[in-house]
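Below is the file run.pdb, which contains PDB, C-alpha atoms, pLDDT in the B column.
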```pdb
ATOM      1  CA  MET O 192      18.152 -60.351  14.864  1.00 68.00           C
ATOM      2  CA  THR O 193      18.648 -59.615  11.185  1.00 83.00           C
ATOM      3  CA  GLU O 194      15.061 -58.394  11.015  1.00 82.00           C
ATOM      4  CA  ALA O 195      15.684 -55.866  13.813  1.00 79.00           C
ATOM      5  CA  ALA O 196      18.780 -54.574  12.008  1.00 82.00           C
ATOM      6  CA  VAL O 197      16.823 -54.201   8.751  1.00 81.00           C
ATOM      7  CA  ARG O 198      14.080 -52.285  10.551  1.00 76.00           C
ATOM      8  CA  ARG O 199      16.623 -49.903  12.063  1.00 74.00           C
ATOM      9  CA  PHE O 200      18.411 -49.466   8.716  1.00 82.00           C
ATOM     10  CA  ASN O 201      15.161 -48.637   6.936  1.00 74.00           C
ATOM     11  CA  ARG O 202      14.498 -45.933   9.514  1.00 72.00           C
ATOM     12  CA  ILE O 203      17.807 -44.072   9.065  1.00 78.00           C
ATOM     13  CA  GLY O 204      17.057 -40.399   8.522  1.00 73.00           C
ATOM     14  CA  SER O 205      13.524 -40.769   9.860  1.00 71.00           C
ATOM     15  CA  GLU O 206      14.248 -41.247  13.562  1.00 73.00           C
ATOM     16  CA  GLY O 207      11.471 -39.824  15.718  1.00 73.00           C
ATOM     17  CA  THR O 208       8.976 -40.034  12.848  1.00 75.00           C
ATOM     18  CA  SER O 209       5.991 -42.378  12.934  1.00 78.00           C
ATOM     19  CA  SER O 210       5.200 -42.246   9.205  1.00 80.00           C
ATOM     20  CA  HIS O 211       6.598 -40.882   5.953  1.00 76.00           C
ATOM     21  CA  THR O 212       5.011 -40.421   2.523  1.00 84.00           C
ATOM     22  CA  VAL O 213       6.779 -39.372  -0.681  1.00 82.00           C
ATOM     23  CA  ASP O 214       5.271 -39.519  -4.171  1.00 87.00           C
ATOM     24  CA  GLY O 215       2.674 -42.101  -3.174  1.00 85.00           C
ATOM     25  CA  GLU O 216       5.132 -44.344  -1.292  1.00 85.00           C
ATOM     26  CA  SER O 217       4.192 -44.567   2.361  1.00 85.00           C
ATOM     27  CA  MET O 218       6.197 -46.004   5.264  1.00 78.00           C
ATOM     28  CA  THR O 219       4.927 -46.389   8.824  1.00 79.00           C
ATOM     29  CA  TRP O 220       7.086 -47.419  11.776  1.00 74.00           C
ATOM     30  CA  ALA O 221       6.245 -48.918  15.139  1.00 75.00           C
ATOM     31  CA  GLU O 222       7.053 -46.779  18.161  1.00 78.00           C
ATOM     32  CA  ASP O 223       9.417 -49.437  19.538  1.00 80.00           C
ATOM     33  CA  ASP O 224      11.415 -51.331  16.909  1.00 76.00           C
ATOM     34  CA  PHE O 225      12.612 -53.876  19.466  1.00 82.00           C
ATOM     35  CA  ALA O 226       9.277 -54.765  21.114  1.00 84.00           C
ATOM     36  CA  PRO O 227       8.694 -57.872  18.930  1.00 85.00           C
ATOM     37  CA  PHE O 228      12.166 -59.150  19.861  1.00 84.00           C
ATOM     38  CA  MET O 229      12.134 -58.560  23.630  1.00 88.00           C
ATOM     39  CA  ASP O 230      11.588 -62.250  24.443  1.00 91.00           C
ATOM     40  CA  ASP O 231      14.673 -63.185  22.392  1.00 87.00           C
ATOM     41  CA  ILE O 232      16.707 -60.360  23.906  1.00 83.00           C
ATOM     42  CA  GLN O 233      15.727 -61.382  27.436  1.00 87.00           C
ATOM     43  CA  ARG O 234      16.624 -65.038  26.761  1.00 88.00           C
ATOM     44  CA  TRP O 235      20.062 -63.933  25.532  1.00 84.00           C
ATOM     45  CA  ARG O 236      20.561 -61.699  28.584  1.00 82.00           C
ATOM     46  CA  ASP O 237      19.535 -64.529  30.917  1.00 86.00           C
ATOM     47  CA  ALA O 238      21.956 -66.932  29.210  1.00 86.00           C
ATOM     48  CA  HIS O 239      24.889 -64.502  29.295  1.00 81.00           C
ATOM     49  CA  GLY O 240      24.553 -63.108  32.812  1.00 75.00           C
ATOM     50  CA  SER O 241      24.744 -59.481  33.823  1.00 67.00           C
ATOM     51  CA  ALA O 242      24.753 -56.826  31.128  1.00 63.00           C
ATOM     52  CA  ALA O 243      26.809 -54.407  33.245  1.00 68.00           C
ATOM     53  CA  GLY O 244      29.530 -52.869  31.131  1.00 68.00           C
ATOM     54  CA  ARG O 245      28.229 -54.346  27.875  1.00 71.00           C
ATOM     55  CA  LYS O 246      26.957 -52.487  24.867  1.00 75.00           C
ATOM     56  CA  VAL O 247      25.239 -53.420  21.630  1.00 76.00           C
ATOM     57  CA  VAL O 248      26.609 -52.138  18.344  1.00 79.00           C
ATOM     58  CA  PHE O 249      24.665 -52.233  15.074  1.00 80.00           C
ATOM     59  CA  LEU O 250      26.854 -52.387  12.015  1.00 76.00           C
TER
END
```

Output the structure of this file as structure tokens.
Amino acid sequence: MTEAAVRRFNRIGSEGTSSHTVDGESMTWAEDDFAPFMDDIQRWRDAHGSAAGRKVVFL
């Protein structure tokens, strides 16, 4: 999940934006940062039971 955290970190300050260009440097973001990881997330949820009352915190 390090890759998901890096993607979120790189997007800080640009939430809600699909692309950003400054001085020739261009960044484009997917609409859903977690879509490529949903299989892994679902496997974790299945292995750890109900998610009621749980939360995810990104440091």

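Picked out by the PyMOL selection byres ((chain O and resi 250) around 10) when it runs on this file: Ala196, Phe200, Val247, Val248 and Phe249 of chain O.
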
key: Interatomic distance, atom CA of Met229 of chain O to atom CA of Val197 of chain O (Å, one decimal)   =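 Atom CA of Met229 of chain O sits 16.2 Å away from atom CA of Val197 of chain O.
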
inquiry  = Using the chain letters and numbers from this file, what does the PyMOL selection byres ((chain O and resi 225) around 12) select? Give the answer as number ranges by chain.
reply    = O: 192-199, 220-224, 226-233

request  = Quick one: apply the PyMOL selection byres ((chain O and resi 219) around 10) to the file and drop the selected residues here as a list of chain:residue names.
outcome  = O:Arg202, O:Thr208, O:Ser209, O:Ser210, O:His211, O:Thr212, O:Ser217, O:Met218, O:Trp220, O:Ala221, O:Glu222

Taking all atoms of segment 224-233 of chain O that the file lists and extending 5 Å past them on each side, where is the centre of the axis-aligned box and how long are its edges? Answer in Å to one decimal, as JSON.
```
{"center_x": 12.7, "center_y": -57.3, "center_z": 22.2, "size_x": 18.0, "size_y": 21.9, "size_z": 20.5}
```

Save segment 197-212 of chain O from what I just supplied, as a PDB file, in the first residue's frame, atoms limited to all heavy atoms.
```
ATOM      1  N   VAL O 197       1.878   7.065  -1.619  1.00  0.00           N
ATOM      2  CA  VAL O 197       2.671   7.994  -2.435  1.00  0.00           C
ATOM      3  C   VAL O 197       1.765   8.747  -3.400  1.00  0.00           C
ATOM      4  O   VAL O 197       1.898   9.961  -3.584  1.00  0.00           O
ATOM      5  CB  VAL O 197       3.789   7.246  -3.188  1.00  0.00           C
ATOM      6  CG1 VAL O 197       4.448   8.139  -4.239  1.00  0.00           C
ATOM      7  CG2 VAL O 197       4.829   6.716  -2.213  1.00  0.00           C
ATOM      8  N   ARG O 198       0.822   8.051  -4.005  1.00  0.00           N
ATOM      9  CA  ARG O 198      -0.108   8.718  -4.922  1.00  0.00           C
ATOM     10  C   ARG O 198      -0.905   9.806  -4.202  1.00  0.00           C
ATOM     11  O   ARG O 198      -1.097  10.897  -4.722  1.00  0.00           O
ATOM     12  CB  ARG O 198      -1.076   7.704  -5.535  1.00  0.00           C
ATOM     13  CG  ARG O 198      -0.441   6.830  -6.567  1.00  0.00           C
ATOM     14  CD  ARG O 198      -1.450   5.889  -7.152  1.00  0.00           C
ATOM     15  NE  ARG O 198      -0.818   4.971  -8.075  1.00  0.00           N
ATOM     16  CZ  ARG O 198      -1.474   4.249  -8.953  1.00  0.00           C
ATOM     17  NH1 ARG O 198      -2.784   4.328  -9.032  1.00  0.00           N
ATOM     18  NH2 ARG O 198      -0.830   3.438  -9.756  1.00  0.00           N
ATOM     19  N   ARG O 199      -1.384   9.483  -3.011  1.00  0.00           N
ATOM     20  CA  ARG O 199      -2.156  10.472  -2.246  1.00  0.00           C
ATOM     21  C   ARG O 199      -1.272  11.648  -1.834  1.00  0.00           C
ATOM     22  O   ARG O 199      -1.677  12.798  -1.886  1.00  0.00           O
ATOM     23  CB  ARG O 199      -2.793   9.834  -1.017  1.00  0.00           C
ATOM     24  CG  ARG O 199      -3.822   8.754  -1.336  1.00  0.00           C
ATOM     25  CD  ARG O 199      -4.998   9.267  -2.112  1.00  0.00           C
ATOM     26  NE  ARG O 199      -5.668  10.315  -1.371  1.00  0.00           N
ATOM     27  CZ  ARG O 199      -6.501  11.198  -1.904  1.00  0.00           C
ATOM     28  NH1 ARG O 199      -6.785  11.151  -3.169  1.00  0.00           N
ATOM     29  NH2 ARG O 199      -7.055  12.121  -1.168  1.00  0.00           N
ATOM     30  N   PHE O 200      -0.045  11.372  -1.411  1.00  0.00           N
ATOM     31  CA  PHE O 200       0.880  12.433  -1.010  1.00  0.00           C
ATOM     32  C   PHE O 200       1.159  13.373  -2.174  1.00  0.00           C
ATOM     33  O   PHE O 200       1.156  14.598  -2.017  1.00  0.00           O
ATOM     34  CB  PHE O 200       2.185  11.832  -0.491  1.00  0.00           C
ATOM     35  CG  PHE O 200       3.200  12.876  -0.101  1.00  0.00           C
ATOM     36  CD1 PHE O 200       3.121  13.484   1.141  1.00  0.00           C
ATOM     37  CD2 PHE O 200       4.196  13.250  -0.975  1.00  0.00           C
ATOM     38  CE1 PHE O 200       4.044  14.462   1.499  1.00  0.00           C
ATOM     39  CE2 PHE O 200       5.122  14.223  -0.627  1.00  0.00           C
ATOM     40  CZ  PHE O 200       5.041  14.826   0.617  1.00  0.00           C
ATOM     41  N   ASN O 201       1.403  12.810  -3.341  1.00  0.00           N
ATOM     42  CA  ASN O 201       1.705  13.627  -4.518  1.00  0.00           C
ATOM     43  C   ASN O 201       0.530  14.497  -4.943  1.00  0.00           C
ATOM     44  O   ASN O 201       0.706  15.470  -5.671  1.00  0.00           O
ATOM     45  CB  ASN O 201       2.135  12.744  -5.690  1.00  0.00           C
ATOM     46  CG  ASN O 201       3.521  12.180  -5.494  1.00  0.00           C
ATOM     47  OD1 ASN O 201       4.321  12.713  -4.736  1.00  0.00           O
ATOM     48  ND2 ASN O 201       3.804  11.078  -6.165  1.00  0.00           N
ATOM     49  N   ARG O 202      -0.652  14.182  -4.465  1.00  0.00           N
ATOM     50  CA  ARG O 202      -1.843  14.930  -4.854  1.00  0.00           C
ATOM     51  C   ARG O 202      -2.210  16.017  -3.838  1.00  0.00           C
ATOM     52  O   ARG O 202      -3.123  16.804  -4.075  1.00  0.00           O
ATOM     53  CB  ARG O 202      -2.995  13.949  -5.023  1.00  0.00           C
ATOM     54  CG  ARG O 202      -4.143  14.531  -5.762  1.00  0.00           C
ATOM     55  CD  ARG O 202      -5.113  13.457  -6.156  1.00  0.00           C
ATOM     56  NE  ARG O 202      -6.180  14.053  -6.931  1.00  0.00           N
ATOM     57  CZ  ARG O 202      -6.966  13.398  -7.711  1.00  0.00           C
ATOM     58  NH1 ARG O 202      -6.819  12.101  -7.839  1.00  0.00           N
ATOM     59  NH2 ARG O 202      -7.908  13.988  -8.375  1.00  0.00           N
ATOM     60  N   ILE O 203      -1.506  16.102  -2.731  1.00  0.00           N
ATOM     61  CA  ILE O 203      -1.816  17.104  -1.709  1.00  0.00           C
ATOM     62  C   ILE O 203      -1.807  18.492  -2.339  1.00  0.00           C
ATOM     63  O   ILE O 203      -0.869  18.868  -3.032  1.00  0.00           O
ATOM     64  CB  ILE O 203      -0.812  17.033  -0.540  1.00  0.00           C
ATOM     65  CG1 ILE O 203      -1.021  15.747   0.256  1.00  0.00           C
ATOM     66  CG2 ILE O 203      -0.958  18.254   0.379  1.00  0.00           C
ATOM     67  CD1 ILE O 203       0.005  15.504   1.338  1.00  0.00           C
ATOM     68  N   GLY O 204      -2.863  19.242  -2.084  1.00  0.00           N
ATOM     69  CA  GLY O 204      -2.996  20.580  -2.640  1.00  0.00           C
ATOM     70  C   GLY O 204      -3.660  20.599  -4.000  1.00  0.00           C
ATOM     71  O   GLY O 204      -4.003  21.663  -4.503  1.00  0.00           O
ATOM     72  N   SER O 205      -3.856  19.435  -4.593  1.00  0.00           N
ATOM     73  CA  SER O 205      -4.485  19.361  -5.911  1.00  0.00           C
ATOM     74  C   SER O 205      -5.704  18.451  -5.889  1.00  0.00           C
ATOM     75  O   SER O 205      -6.092  17.903  -6.912  1.00  0.00           O
ATOM     76  CB  SER O 205      -3.474  18.844  -6.942  1.00  0.00           C
ATOM     77  OG  SER O 205      -2.391  19.725  -7.050  1.00  0.00           O
ATOM     78  N   GLU O 206      -6.306  18.279  -4.714  1.00  0.00           N
ATOM     79  CA  GLU O 206      -7.502  17.446  -4.612  1.00  0.00           C
ATOM     80  C   GLU O 206      -8.603  18.014  -5.499  1.00  0.00           C
ATOM     81  O   GLU O 206      -8.794  19.222  -5.565  1.00  0.00           O
ATOM     82  CB  GLU O 206      -7.996  17.369  -3.160  1.00  0.00           C
ATOM     83  CG  GLU O 206      -7.056  16.631  -2.240  1.00  0.00           C
ATOM     84  CD  GLU O 206      -5.954  17.508  -1.658  1.00  0.00           C
ATOM     85  OE1 GLU O 206      -5.810  18.663  -2.088  1.00  0.00           O
ATOM     86  OE2 GLU O 206      -5.240  17.017  -0.780  1.00  0.00           O
ATOM     87  N   GLY O 207      -9.315  17.151  -6.182  1.00  0.00           N
ATOM     88  CA  GLY O 207     -10.393  17.573  -7.062  1.00  0.00           C
ATOM     89  C   GLY O 207      -9.919  18.000  -8.451  1.00  0.00           C
ATOM     90  O   GLY O 207     -10.714  18.361  -9.296  1.00  0.00           O
ATOM     91  N   THR O 208      -8.623  17.960  -8.678  1.00  0.00           N
ATOM     92  CA  THR O 208      -8.053  18.356  -9.963  1.00  0.00           C
ATOM     93  C   THR O 208      -7.659  17.099 -10.733  1.00  0.00           C
ATOM     94  O   THR O 208      -7.159  16.152 -10.159  1.00  0.00           O
ATOM     95  CB  THR O 208      -6.794  19.222  -9.735  1.00  0.00           C
ATOM     96  OG1 THR O 208      -7.157  20.320  -8.917  1.00  0.00           O
ATOM     97  CG2 THR O 208      -6.231  19.726 -11.031  1.00  0.00           C
ATOM     98  N   SER O 209      -7.877  17.100 -12.045  1.00  0.00           N
ATOM     99  CA  SER O 209      -7.507  15.928 -12.830  1.00  0.00           C
ATOM    100  C   SER O 209      -6.132  16.072 -13.468  1.00  0.00           C
ATOM    101  O   SER O 209      -5.488  15.085 -13.787  1.00  0.00           O
ATOM    102  CB  SER O 209      -8.548  15.637 -13.904  1.00  0.00           C
ATOM    103  OG  SER O 209      -8.658  16.743 -14.783  1.00  0.00           O
ATOM    104  N   SER O 210      -5.670  17.331 -13.650  1.00  0.00           N
ATOM    105  CA  SER O 210      -4.327  17.535 -14.191  1.00  0.00           C
ATOM    106  C   SER O 210      -3.799  18.894 -13.742  1.00  0.00           C
ATOM    107  O   SER O 210      -4.563  19.777 -13.341  1.00  0.00           O
ATOM    108  CB  SER O 210      -4.324  17.438 -15.710  1.00  0.00           C
ATOM    109  OG  SER O 210      -5.078  18.501 -16.263  1.00  0.00           O
ATOM    110  N   HIS O 211      -2.479  19.036 -13.827  1.00  0.00           N
ATOM    111  CA  HIS O 211      -1.823  20.258 -13.351  1.00  0.00           C
ATOM    112  C   HIS O 211      -0.553  20.458 -14.170  1.00  0.00           C
ATOM    113  O   HIS O 211       0.226  19.529 -14.342  1.00  0.00           O
ATOM    114  CB  HIS O 211      -1.486  20.082 -11.862  1.00  0.00           C
ATOM    115  CG  HIS O 211      -0.775  21.233 -11.256  1.00  0.00           C
ATOM    116  ND1 HIS O 211      -1.426  22.369 -10.860  1.00  0.00           N
ATOM    117  CD2 HIS O 211       0.522  21.413 -10.945  1.00  0.00           C
ATOM    118  CE1 HIS O 211      -0.549  23.203 -10.344  1.00  0.00           C
ATOM    119  NE2 HIS O 211       0.649  22.638 -10.386  1.00  0.00           N
ATOM    120  N   THR O 212      -0.354  21.668 -14.688  1.00  0.00           N
ATOM    121  CA  THR O 212       0.848  21.964 -15.462  1.00  0.00           C
ATOM    122  C   THR O 212       1.463  23.271 -14.970  1.00  0.00           C
ATOM    123  O   THR O 212       0.777  24.275 -14.845  1.00  0.00           O
ATOM    124  CB  THR O 212       0.525  22.100 -16.964  1.00  0.00           C
ATOM    125  OG1 THR O 212      -0.092  20.893 -17.411  1.00  0.00           O
ATOM    126  CG2 THR O 212       1.772  22.354 -17.781  1.00  0.00           C
TER     127      THR O 212
END
```
